$ cat input18.cif   # mmCIF, C-alpha atoms and all ligand atoms
data_target
#
loop_
_atom_site.group_PDB
_atom_site.id
_atom_site.type_symbol
_atom_site.label_atom_id
_atom_site.label_comp_id
_atom_site.auth_asym_id
_atom_site.auth_seq_id
_atom_site.Cartn_x
_atom_site.Cartn_y
_atom_site.Cartn_z
ATOM 1 C CA MET M 1026 56.215 109.998 99.361
ATOM 2 C CA THR M 1027 57.794 111.633 96.307
ATOM 3 C CA THR M 1028 60.491 109.938 94.240
ATOM 4 C CA ARG M 1029 63.580 111.946 93.407
ATOM 5 C CA TYR M 1030 64.940 111.578 89.872
ATOM 6 C CA TYR M 1031 68.552 112.517 89.255
ATOM 7 C CA THR M 1032 69.645 114.306 86.101
ATOM 8 C CA SER M 1033 73.080 113.720 84.549
ATOM 9 C CA VAL M 1034 74.258 116.963 86.115
ATOM 10 C CA ASP M 1035 73.134 115.654 89.555
ATOM 11 C CA ASP M 1036 75.044 112.418 88.885
ATOM 12 C CA LEU M 1037 78.135 114.353 87.868
ATOM 13 C CA LEU M 1038 78.053 116.505 91.021
ATOM 14 C CA ILE M 1039 77.401 113.482 93.278
ATOM 15 C CA ASN M 1040 80.376 111.660 91.759
ATOM 16 C CA LEU M 1041 82.610 114.702 92.020
ATOM 17 C CA ASP M 1042 81.614 115.083 95.674
ATOM 18 C CA GLN M 1043 82.408 111.412 96.341
ATOM 19 C CA ALA M 1044 85.763 111.682 94.572
ATOM 20 C CA ILE M 1045 86.760 114.708 96.668
ATOM 21 C CA ARG M 1046 85.645 113.009 99.900
ATOM 22 C CA THR M 1047 87.564 109.828 99.016
ATOM 23 C CA LEU M 1048 90.746 111.670 98.117
ATOM 24 C CA PHE M 1049 90.793 114.536 100.585
ATOM 25 C CA GLY M 1050 88.010 114.164 103.135
ATOM 26 C CA GLN M 1051 86.227 111.640 105.281
ATOM 27 C CA PRO M 1052 83.718 109.585 103.336
ATOM 28 C CA ALA M 1053 80.804 107.933 105.177
ATOM 29 C CA THR M 1054 81.698 104.619 106.840
ATOM 30 C CA THR M 1055 79.628 101.808 108.362
ATOM 31 C CA GLY M 1056 80.854 102.907 111.809
ATOM 32 C CA ARG M 1057 82.539 99.551 112.542
ATOM 33 C CA PRO M 1058 85.412 99.951 115.002
ATOM 34 C CA ASN M 1059 88.926 100.060 113.568
ATOM 35 C CA PRO M 1060 90.319 96.505 114.098
ATOM 36 C CA ALA M 1061 93.727 98.014 114.943
ATOM 37 C CA THR M 1062 92.392 99.388 118.235
ATOM 38 C CA ALA M 1063 91.957 95.838 119.591
ATOM 39 C CA ALA M 1064 95.561 94.898 118.689
ATOM 40 C CA PRO M 1065 98.521 95.435 121.038
ATOM 41 C CA PRO M 1066 100.388 98.678 120.206
ATOM 42 C CA ALA M 1067 103.516 98.206 118.088
ATOM 43 C CA GLU M 1068 106.914 99.703 118.922
ATOM 44 C CA LEU M 1069 108.761 99.249 115.632
ATOM 45 C CA PRO M 1070 112.409 99.916 114.776
ATOM 46 C CA LEU M 1071 112.667 102.690 112.164
ATOM 47 C CA GLU M 1072 113.348 100.347 109.238
ATOM 48 C CA GLU M 1073 110.309 98.202 110.056
ATOM 49 C CA GLN M 1074 108.155 101.293 110.550
ATOM 50 C CA ARG M 1075 109.180 102.519 107.086
ATOM 51 C CA LEU M 1076 108.396 99.178 105.492
ATOM 52 C CA ALA M 1077 104.998 98.996 107.223
ATOM 53 C CA ALA M 1078 104.196 102.567 106.106
ATOM 54 C CA ARG M 1079 105.056 101.731 102.486
ATOM 55 C CA LEU M 1080 102.881 98.647 102.511
ATOM 56 C CA MET M 1081 99.981 100.488 104.149
ATOM 57 C CA ARG M 1082 100.316 103.296 101.581
ATOM 58 C CA VAL M 1083 99.877 100.711 98.832
ATOM 59 C CA ASN M 1084 96.822 99.299 100.618
ATOM 60 C CA HIS M 1085 95.371 102.774 101.086
ATOM 61 C CA ALA M 1086 95.838 103.473 97.353
ATOM 62 C CA GLY M 1087 94.163 100.135 96.627
ATOM 63 C CA GLU M 1088 91.148 101.228 98.643
ATOM 64 C CA VAL M 1089 91.036 104.541 96.766
ATOM 65 C CA CYS M 1090 90.918 102.502 93.553
ATOM 66 C CA ALA M 1091 88.228 100.219 95.005
ATOM 67 C CA GLN M 1092 86.112 103.288 95.803
ATOM 68 C CA ALA M 1093 86.579 104.639 92.304
ATOM 69 C CA LEU M 1094 85.771 101.291 90.664
ATOM 70 C CA TYR M 1095 82.563 100.919 92.650
ATOM 71 C CA GLN M 1096 81.543 104.553 92.041
ATOM 72 C CA GLY M 1097 82.179 104.192 88.326
ATOM 73 C CA GLN M 1098 80.153 100.997 88.168
ATOM 74 C CA ALA M 1099 77.312 102.386 90.262
ATOM 75 C CA LEU M 1100 77.024 105.163 87.692
ATOM 76 C CA THR M 1101 76.546 102.832 84.732
ATOM 77 C CA ALA M 1102 75.208 99.522 86.187
ATOM 78 C CA ARG M 1103 71.760 98.710 84.808
ATOM 79 C CA LEU M 1104 69.952 96.730 87.484
ATOM 80 C CA THR M 1105 68.940 98.638 90.605
ATOM 81 C CA THR M 1106 69.775 95.608 92.788
ATOM 82 C CA VAL M 1107 73.305 95.520 91.374
ATOM 83 C CA ARG M 1108 73.691 99.214 92.010
ATOM 84 C CA ASP M 1109 72.439 98.842 95.594
ATOM 85 C CA ARG M 1110 74.776 95.939 96.293
ATOM 86 C CA MET M 1111 77.717 97.903 94.987
ATOM 87 C CA GLU M 1112 76.834 100.938 97.006
ATOM 88 C CA ARG M 1113 76.793 98.830 100.206
ATOM 89 C CA ALA M 1114 80.211 97.356 99.365
ATOM 90 C CA THR M 1115 81.428 100.899 98.675
ATOM 91 C CA VAL M 1116 80.649 101.921 102.257
ATOM 92 C CA GLU M 1117 82.646 98.946 103.560
ATOM 93 C CA GLU M 1118 85.532 100.002 101.312
ATOM 94 C CA ASN M 1119 85.332 103.385 103.047
ATOM 95 C CA ASP M 1120 85.946 101.614 106.365
ATOM 96 C CA HIS M 1121 89.089 100.114 104.846
ATOM 97 C CA LEU M 1122 90.136 103.498 103.510
ATOM 98 C CA ALA M 1123 89.678 105.165 106.916
ATOM 99 C CA TRP M 1124 91.519 102.357 108.778
ATOM 100 C CA CYS M 1125 94.483 102.425 106.359
ATOM 101 C CA GLU M 1126 94.677 106.207 106.570
ATOM 102 C CA ALA M 1127 94.616 106.167 110.386
ATOM 103 C CA ARG M 1128 97.381 103.529 110.426
ATOM 104 C CA LEU M 1129 99.464 105.545 107.955
ATOM 105 C CA GLN M 1130 99.292 108.536 110.315
ATOM 106 C CA GLU M 1131 100.330 106.373 113.264
ATOM 107 C CA LEU M 1132 103.287 105.156 111.189
ATOM 108 C CA ASP M 1133 104.192 108.794 110.600
ATOM 109 C CA SER M 1134 103.492 108.631 106.874
ATOM 110 C CA GLN M 1135 100.886 109.855 104.399
ATOM 111 C CA PRO M 1136 98.753 108.642 101.465
ATOM 112 C CA SER M 1137 100.231 108.400 97.984
ATOM 113 C CA VAL M 1138 100.479 111.604 95.932
ATOM 114 C CA LEU M 1139 99.406 109.491 92.931
ATOM 115 C CA ASN M 1140 95.944 108.747 94.387
ATOM 116 C CA PRO M 1141 94.000 111.296 92.259
ATOM 117 C CA LEU M 1142 95.523 109.772 89.119
ATOM 118 C CA PHE M 1143 94.609 106.217 90.124
ATOM 119 C CA TYR M 1144 91.121 107.331 91.200
ATOM 120 C CA ALA M 1145 90.467 108.770 87.738
ATOM 121 C CA GLY M 1146 91.772 105.643 86.005
ATOM 122 C CA ALA M 1147 89.845 103.213 88.213
ATOM 123 C CA PHE M 1148 86.625 105.258 87.920
ATOM 124 C CA THR M 1149 86.843 105.059 84.124
ATOM 125 C CA VAL M 1150 87.497 101.309 84.188
ATOM 126 C CA GLY M 1151 84.575 100.817 86.618
ATOM 127 C CA ALA M 1152 82.212 102.834 84.422
ATOM 128 C CA LEU M 1153 83.251 100.810 81.360
ATOM 129 C CA ALA M 1154 82.681 97.541 83.250
ATOM 130 C CA GLY M 1155 79.213 98.834 84.179
ATOM 131 C CA VAL M 1156 78.455 99.604 80.537
ATOM 132 C CA ALA M 1157 79.506 96.059 79.545
ATOM 133 C CA GLY M 1158 76.450 94.774 81.411
ATOM 134 C CA ASP M 1159 75.706 93.488 84.891
ATOM 135 C CA ARG M 1160 77.073 89.969 84.362
ATOM 136 C CA TRP M 1161 80.508 91.308 83.355
ATOM 137 C CA SER M 1162 80.360 94.133 85.811
ATOM 138 C CA LEU M 1163 79.750 91.730 88.717
ATOM 139 C CA GLY M 1164 82.385 89.346 87.318
ATOM 140 C CA PHE M 1165 84.814 92.239 87.274
ATOM 141 C CA VAL M 1166 84.065 93.018 90.932
ATOM 142 C CA ALA M 1167 84.570 89.360 91.884
ATOM 143 C CA GLU M 1168 87.883 89.123 90.010
ATOM 144 C CA THR M 1169 89.134 92.407 91.486
ATOM 145 C CA GLU M 1170 88.268 91.268 95.003
ATOM 146 C CA HIS M 1171 89.932 87.851 94.431
ATOM 147 C CA GLN M 1172 93.105 89.579 93.322
ATOM 148 C CA VAL M 1173 92.947 91.896 96.359
ATOM 149 C CA VAL M 1174 92.691 88.877 98.685
ATOM 150 C CA GLU M 1175 95.818 87.381 97.036
ATOM 151 C CA HIS M 1176 97.593 90.700 97.364
ATOM 152 C CA LEU M 1177 96.616 91.025 101.052
ATOM 153 C CA ASN M 1178 97.996 87.550 101.749
ATOM 154 C CA ALA M 1179 101.320 88.628 100.239
ATOM 155 C CA HIS M 1180 101.350 91.808 102.351
ATOM 156 C CA LEU M 1181 100.536 89.879 105.523
ATOM 157 C CA GLU M 1182 103.704 87.891 104.863
ATOM 158 C CA ARG M 1183 105.810 90.982 104.237
ATOM 159 C CA LEU M 1184 104.564 93.111 107.146
ATOM 160 C CA PRO M 1185 106.844 93.143 110.189
ATOM 161 C CA SER M 1186 105.514 90.500 112.571
ATOM 162 C CA ALA M 1187 105.416 93.033 115.434
ATOM 163 C CA ASP M 1188 103.048 95.304 113.516
ATOM 164 C CA GLN M 1189 99.895 93.794 114.973
ATOM 165 C CA PRO M 1190 97.705 96.889 114.375
ATOM 166 C CA SER M 1191 98.368 96.832 110.594
ATOM 167 C CA ARG M 1192 97.903 93.057 110.522
ATOM 168 C CA ALA M 1193 94.530 93.338 112.271
ATOM 169 C CA ILE M 1194 93.353 95.846 109.633
ATOM 170 C CA LEU M 1195 94.511 93.676 106.713
ATOM 171 C CA GLU M 1196 92.921 90.544 108.200
ATOM 172 C CA GLN M 1197 89.516 92.257 108.464
ATOM 173 C CA MET M 1198 89.886 93.699 104.962
ATOM 174 C CA LYS M 1199 90.672 90.246 103.626
ATOM 175 C CA GLU M 1200 87.512 88.847 105.172
ATOM 176 C CA ASP M 1201 85.413 91.685 103.711
ATOM 177 C CA GLU M 1202 86.951 91.435 100.223
ATOM 178 C CA ALA M 1203 86.354 87.680 100.085
ATOM 179 C CA ARG M 1204 82.692 88.330 100.986
ATOM 180 C CA HIS M 1205 82.422 91.067 98.319
ATOM 181 C CA ALA M 1206 83.749 88.583 95.754
ATOM 182 C CA ALA M 1207 81.339 85.843 96.837
ATOM 183 C CA ASN M 1208 78.367 88.265 96.813
ATOM 184 C CA ALA M 1209 79.232 89.476 93.317
ATOM 185 C CA MET M 1210 79.385 85.914 91.970
ATOM 186 C CA ALA M 1211 76.170 84.961 93.796
ATOM 187 C CA ALA M 1212 74.440 87.986 92.229
ATOM 188 C CA GLY M 1213 75.213 86.623 88.745
ATOM 189 C CA GLY M 1214 78.813 87.590 88.008
ATOM 190 C CA GLY M 1215 80.528 85.815 85.117
ATOM 191 C CA ARG M 1216 84.120 84.561 85.130
ATOM 192 C CA LEU M 1217 86.255 86.975 83.113
ATOM 193 C CA PRO M 1218 88.344 85.720 80.174
ATOM 194 C CA LEU M 1219 92.006 84.977 81.005
ATOM 195 C CA PRO M 1220 93.511 87.901 79.010
ATOM 196 C CA VAL M 1221 91.329 90.350 80.962
ATOM 197 C CA ARG M 1222 92.407 88.806 84.268
ATOM 198 C CA VAL M 1223 96.074 89.022 83.243
ATOM 199 C CA LEU M 1224 95.641 92.643 82.154
ATOM 200 C CA MET M 1225 94.021 93.501 85.496
ATOM 201 C CA LYS M 1226 96.990 91.977 87.339
ATOM 202 C CA GLY M 1227 99.387 94.033 85.207
ATOM 203 C CA VAL M 1228 97.532 97.283 85.926
ATOM 204 C CA SER M 1229 97.394 96.629 89.659
ATOM 205 C CA LYS M 1230 101.127 95.867 89.623
ATOM 206 C CA VAL M 1231 101.787 99.371 88.262
ATOM 207 C CA MET M 1232 99.703 100.800 91.119
ATOM 208 C CA THR M 1233 101.320 98.723 93.870
ATOM 209 C CA GLU M 1234 104.872 99.324 92.669
ATOM 210 C CA THR M 1235 104.558 103.093 92.293
ATOM 211 C CA THR M 1236 102.574 103.870 95.458
ATOM 212 C CA TYR M 1237 105.092 101.841 97.504
ATOM 213 C CA TRP M 1238 107.519 104.727 96.922
ATOM 214 C CA VAL M 1239 105.375 107.852 96.576
HETATM 215 FE FE FE K 1 88.664 97.132 100.500
HETATM 216 FE FE FE K 2 86.027 94.911 98.575
#
$ encode --input "input18.cif" --output "structure tokens"
Amino acid sequence: MTTRYYTSVDDLLINLDQAIRTLFGQPATTGRPNPATAAPPAELPLEEQRLAARLMRVNHAGEVCAQALYQGQALTARLTTVRDRMERATVEENDHLAWCEARLQELDSQPSVLNPLFYAGAFTVGALAGVAGDRWSLGFVAETEHQVVEHLNAHLERLPSADQPSRAILEQMKEDEARHAANAMAAGGGRLPLPVRVLMKGVSKVMTETTYWV
């Protein structure tokens, strides 16, 4: 068997391809069924449908950022095992992305126009975390996933109670994100300093508050 070595140009093209698939195409998923299909269909009044669409647009944008963070880290992470772990989590994030996008269509809405901007920002942050070393990189993943779980809890409270399909998606995402966080810590992630955690919360607030509207 021959081993394939990638040049920097290969890496660049692979990452560009993944970015385009994440933003405009259909990236590879694990093939798990969409949890929404097992939920009873929701007939929502217009106001509730609009609210659900806004919240799911934020969640979709969050998954775009998750993709970008993982891709950025995979590019610069040092240990092969860390890279492999991140690439597996990336595929699960693609499930989330696909489920949120499908739900957005059902709610007669569309992804945020700001997604390319947030992808670029999150990719850069992910690559920098990877450069900082595997301990910090894994700690960064764990902290991100913890914050996402908190955010999903808040959205589960805000979603209209009749929107069972969206709730089913967010519940499964929450379970996956908590596992991603636990895996990252188990693989050697370090706890990030408080100012970094506060900064991360501030940045994600900008994302959630803008993509709610556009
Ligand atoms: Fe996710
Ligand atoms: Fe995750």
$ residues_near_ligand --input "input18.cif" --ligand "ligand FE 1 (chain K)" --cutoff "10 Å" --atoms "all atoms listed in the file" --output "compact mmCIF listing (two decimals) with C-alpha atoms, in the frame of the given file"
# COMPACT_ATOMS: atom_id res chain seq x y z
CA ASN M 1084 96.82 99.30 100.62
CA HIS M 1085 95.37 102.77 101.09
CA GLY M 1087 94.16 100.14 96.63
CA GLU M 1088 91.15 101.23 98.64
CA VAL M 1089 91.04 104.54 96.77
CA CYS M 1090 90.92 102.50 93.55
CA ALA M 1091 88.23 100.22 95.00
CA GLN M 1092 86.11 103.29 95.80
CA ALA M 1114 80.21 97.36 99.36
CA THR M 1115 81.43 100.90 98.68
CA VAL M 1116 80.65 101.92 102.26
CA GLU M 1117 82.65 98.95 103.56
CA GLU M 1118 85.53 100.00 101.31
CA ASN M 1119 85.33 103.38 103.05
CA ASP M 1120 85.95 101.61 106.36
CA HIS M 1121 89.09 100.11 104.85
CA LEU M 1122 90.14 103.50 103.51
CA CYS M 1125 94.48 102.42 106.36
CA GLU M 1170 88.27 91.27 95.00
CA VAL M 1173 92.95 91.90 96.36
CA VAL M 1174 92.69 88.88 98.68
CA LEU M 1195 94.51 93.68 106.71
CA GLN M 1197 89.52 92.26 108.46
CA MET M 1198 89.89 93.70 104.96
CA LYS M 1199 90.67 90.25 103.63
CA GLU M 1200 87.51 88.85 105.17
CA ASP M 1201 85.41 91.68 103.71
CA GLU M 1202 86.95 91.44 100.22
CA ALA M 1203 86.35 87.68 100.08
CA HIS M 1205 82.42 91.07 98.32
$ residues_around --input "input18.cif" --residues "Ala1193 in chain M" --least-positions-apart "6" --cutoff "12 Å" --atoms "only C-alpha atoms" --output "compact mmCIF listing (two decimals) with C-alpha atoms, in the coordinates of the input"
# COMPACT_ATOMS: atom_id res chain seq x y z
CA PRO M 1058 85.41 99.95 115.00
CA ASN M 1059 88.93 100.06 113.57
CA PRO M 1060 90.32 96.50 114.10
CA ALA M 1061 93.73 98.01 114.94
CA THR M 1062 92.39 99.39 118.24
CA ALA M 1063 91.96 95.84 119.59
CA ALA M 1064 95.56 94.90 118.69
CA PRO M 1065 98.52 95.44 121.04
CA PRO M 1066 100.39 98.68 120.21
CA ALA M 1067 103.52 98.21 118.09
CA HIS M 1121 89.09 100.11 104.85
CA TRP M 1124 91.52 102.36 108.78
CA CYS M 1125 94.48 102.42 106.36
CA ARG M 1128 97.38 103.53 110.43
CA LEU M 1177 96.62 91.02 101.05
CA LEU M 1181 100.54 89.88 105.52
CA LEU M 1184 104.56 93.11 107.15
CA SER M 1186 105.51 90.50 112.57
CA ALA M 1187 105.42 93.03 115.43
CA LYS M 1199 90.67 90.25 103.63
CA GLU M 1200 87.51 88.85 105.17
$ closest_residue --input "input18.cif" --among "M:Leu1048, M:Arg1192, M:Ala1212, M:Gly1151" --to "Asp1109 in chain M" --atoms "only C-alpha atoms"
M:Ala1212
$ resolve_selection --input "input18.cif" --expression "the PyMOL selection byres (((chain M and resi 1147) around 10) and not hetatm)" --output "PDB file with C-alpha atoms, keeping the file's coordinate frame"
ATOM      1  CA  GLY M1087      94.163 100.135  96.627  1.00  0.00           C
ATOM      2  CA  VAL M1089      91.036 104.541  96.766  1.00  0.00           C
ATOM      3  CA  CYS M1090      90.918 102.502  93.553  1.00  0.00           C
ATOM      4  CA  ALA M1091      88.228 100.219  95.005  1.00  0.00           C
ATOM      5  CA  GLN M1092      86.112 103.288  95.803  1.00  0.00           C
ATOM      6  CA  ALA M1093      86.579 104.639  92.304  1.00  0.00           C
ATOM      7  CA  LEU M1094      85.771 101.291  90.664  1.00  0.00           C
ATOM      8  CA  TYR M1095      82.563 100.919  92.650  1.00  0.00           C
ATOM      9  CA  GLN M1096      81.543 104.553  92.041  1.00  0.00           C
ATOM     10  CA  GLY M1097      82.179 104.192  88.326  1.00  0.00           C
ATOM     11  CA  GLN M1098      80.153 100.997  88.168  1.00  0.00           C
ATOM     12  CA  PRO M1141      94.000 111.296  92.259  1.00  0.00           C
ATOM     13  CA  LEU M1142      95.523 109.772  89.119  1.00  0.00           C
ATOM     14  CA  PHE M1143      94.609 106.217  90.124  1.00  0.00           C
ATOM     15  CA  TYR M1144      91.121 107.331  91.200  1.00  0.00           C
ATOM     16  CA  ALA M1145      90.467 108.770  87.738  1.00  0.00           C
ATOM     17  CA  GLY M1146      91.772 105.643  86.005  1.00  0.00           C
ATOM     18  CA  PHE M1148      86.625 105.258  87.920  1.00  0.00           C
ATOM     19  CA  THR M1149      86.843 105.059  84.124  1.00  0.00           C
ATOM     20  CA  VAL M1150      87.497 101.309  84.188  1.00  0.00           C
ATOM     21  CA  GLY M1151      84.575 100.817  86.618  1.00  0.00           C
ATOM     22  CA  ALA M1152      82.212 102.834  84.422  1.00  0.00           C
ATOM     23  CA  LEU M1153      83.251 100.810  81.360  1.00  0.00           C
ATOM     24  CA  VAL M1228      97.532  97.283  85.926  1.00  0.00           C
TER      25      VAL M1228
END
$ residues_around --input "input18.cif" --residues "Leu1076 in chain M" --least-positions-apart "3" --cutoff "8 Å" --atoms "all atoms listed in the file" --output "VMD selection string"
chain M and resid 1072 to 1073 1079 to 1080 1184 to 1185
$ write_last_selection --input "input18.cif" --atoms "C-alpha atoms" --output "PDB file, keeping the file's coordinate frame"
ATOM      1  CA  GLU M1072     113.348 100.347 109.238  1.00  0.00           C
ATOM      2  CA  GLU M1073     110.309  98.202 110.056  1.00  0.00           C
ATOM      3  CA  ARG M1079     105.056 101.731 102.486  1.00  0.00           C
ATOM      4  CA  LEU M1080     102.881  98.647 102.511  1.00  0.00           C
ATOM      5  CA  LEU M1184     104.564  93.111 107.146  1.00  0.00           C
ATOM      6  CA  PRO M1185     106.844  93.143 110.189  1.00  0.00           C
TER       7      PRO M1185
END
$ closest_residue --input "input18.cif" --among "M:Val1239, M:Leu1132, M:Val1156, M:Leu1139" --to "Ala1077 in chain M" --atoms "all atoms listed in the file"
M:Leu1132
$ atom_distance --input "input18.cif" --atom1 "CA of Asp1133 in chain M" --atom2 "CA of Met1081 in chain M"
11.3 Å
$ build_atoms --input "input18.cif" --residues "range 1126-1148 of chain M" --atoms "N, CA and C atoms" --output "PDB file, in the frame of the given file"
ATOM      1  N   GLU M1126      94.190 104.832 106.421  1.00  0.00           N
ATOM      2  CA  GLU M1126      94.677 106.207 106.570  1.00  0.00           C
ATOM      3  C   GLU M1126      95.095 106.471 108.022  1.00  0.00           C
ATOM      4  N   ALA M1127      94.284 105.978 108.965  1.00  0.00           N
ATOM      5  CA  ALA M1127      94.616 106.167 110.386  1.00  0.00           C
ATOM      6  C   ALA M1127      95.947 105.475 110.705  1.00  0.00           C
ATOM      7  N   ARG M1128      96.146 104.265 110.156  1.00  0.00           N
ATOM      8  CA  ARG M1128      97.381 103.529 110.426  1.00  0.00           C
ATOM      9  C   ARG M1128      98.590 104.243 109.815  1.00  0.00           C
ATOM     10  N   LEU M1129      98.381 104.808 108.604  1.00  0.00           N
ATOM     11  CA  LEU M1129      99.464 105.545 107.955  1.00  0.00           C
ATOM     12  C   LEU M1129      99.917 106.712 108.827  1.00  0.00           C
ATOM     13  N   GLN M1130      98.951 107.410 109.433  1.00  0.00           N
ATOM     14  CA  GLN M1130      99.292 108.536 110.315  1.00  0.00           C
ATOM     15  C   GLN M1130     100.072 108.041 111.518  1.00  0.00           C
ATOM     16  N   GLU M1131      99.617 106.919 112.098  1.00  0.00           N
ATOM     17  CA  GLU M1131     100.330 106.373 113.264  1.00  0.00           C
ATOM     18  C   GLU M1131     101.754 105.985 112.902  1.00  0.00           C
ATOM     19  N   LEU M1132     101.955 105.557 111.644  1.00  0.00           N
ATOM     20  CA  LEU M1132     103.287 105.156 111.189  1.00  0.00           C
ATOM     21  C   LEU M1132     104.079 106.363 110.687  1.00  0.00           C
ATOM     22  N   ASP M1133     103.527 107.552 110.948  1.00  0.00           N
ATOM     23  CA  ASP M1133     104.192 108.794 110.600  1.00  0.00           C
ATOM     24  C   ASP M1133     104.405 108.937 109.086  1.00  0.00           C
ATOM     25  N   SER M1134     103.395 108.535 108.321  1.00  0.00           N
ATOM     26  CA  SER M1134     103.492 108.631 106.874  1.00  0.00           C
ATOM     27  C   SER M1134     102.201 109.244 106.321  1.00  0.00           C
ATOM     28  N   GLN M1135     102.064 109.239 105.010  1.00  0.00           N
ATOM     29  CA  GLN M1135     100.886 109.855 104.399  1.00  0.00           C
ATOM     30  C   GLN M1135     100.473 109.092 103.141  1.00  0.00           C
ATOM     31  N   PRO M1136      99.216 109.327 102.677  1.00  0.00           N
ATOM     32  CA  PRO M1136      98.753 108.642 101.465  1.00  0.00           C
ATOM     33  C   PRO M1136      99.595 108.993 100.246  1.00  0.00           C
ATOM     34  N   SER M1137      99.464 108.192  99.209  1.00  0.00           N
ATOM     35  CA  SER M1137     100.231 108.400  97.984  1.00  0.00           C
ATOM     36  C   SER M1137      99.801 109.684  97.267  1.00  0.00           C
ATOM     37  N   VAL M1138     100.789 110.411  96.722  1.00  0.00           N
ATOM     38  CA  VAL M1138     100.479 111.604  95.932  1.00  0.00           C
ATOM     39  C   VAL M1138      99.832 111.213  94.595  1.00  0.00           C
ATOM     40  N   LEU M1139      99.949 109.940  94.224  1.00  0.00           N
ATOM     41  CA  LEU M1139      99.406 109.491  92.931  1.00  0.00           C
ATOM     42  C   LEU M1139      97.921 109.126  93.012  1.00  0.00           C
ATOM     43  N   ASN M1140      97.330 109.201  94.225  1.00  0.00           N
ATOM     44  CA  ASN M1140      95.944 108.747  94.387  1.00  0.00           C
ATOM     45  C   ASN M1140      94.931 109.386  93.420  1.00  0.00           C
ATOM     46  N   PRO M1141      95.000 110.722  93.183  1.00  0.00           N
ATOM     47  CA  PRO M1141      94.000 111.296  92.259  1.00  0.00           C
ATOM     48  C   PRO M1141      94.065 110.668  90.861  1.00  0.00           C
ATOM     49  N   LEU M1142      95.307 110.380  90.431  1.00  0.00           N
ATOM     50  CA  LEU M1142      95.523 109.772  89.119  1.00  0.00           C
ATOM     51  C   LEU M1142      94.889 108.380  89.069  1.00  0.00           C
ATOM     52  N   PHE M1143      95.146 107.582  90.095  1.00  0.00           N
ATOM     53  CA  PHE M1143      94.609 106.217  90.124  1.00  0.00           C
ATOM     54  C   PHE M1143      93.088 106.231  90.302  1.00  0.00           C
ATOM     55  N   TYR M1144      92.582 107.231  91.041  1.00  0.00           N
ATOM     56  CA  TYR M1144      91.121 107.331  91.200  1.00  0.00           C
ATOM     57  C   TYR M1144      90.477 107.531  89.816  1.00  0.00           C
ATOM     58  N   ALA M1145      91.041 108.469  89.057  1.00  0.00           N
ATOM     59  CA  ALA M1145      90.467 108.770  87.738  1.00  0.00           C
ATOM     60  C   ALA M1145      90.500 107.536  86.836  1.00  0.00           C
ATOM     61  N   GLY M1146      91.633 106.834  86.847  1.00  0.00           N
ATOM     62  CA  GLY M1146      91.772 105.643  86.005  1.00  0.00           C
ATOM     63  C   GLY M1146      90.790 104.558  86.417  1.00  0.00           C
ATOM     64  N   ALA M1147      90.710 104.294  87.726  1.00  0.00           N
ATOM     65  CA  ALA M1147      89.845 103.213  88.213  1.00  0.00           C
ATOM     66  C   ALA M1147      88.362 103.557  88.008  1.00  0.00           C
ATOM     67  N   PHE M1148      88.011 104.842  88.138  1.00  0.00           N
ATOM     68  CA  PHE M1148      86.625 105.258  87.920  1.00  0.00           C
ATOM     69  C   PHE M1148      86.223 104.967  86.470  1.00  0.00           C
TER      70      PHE M1148
END
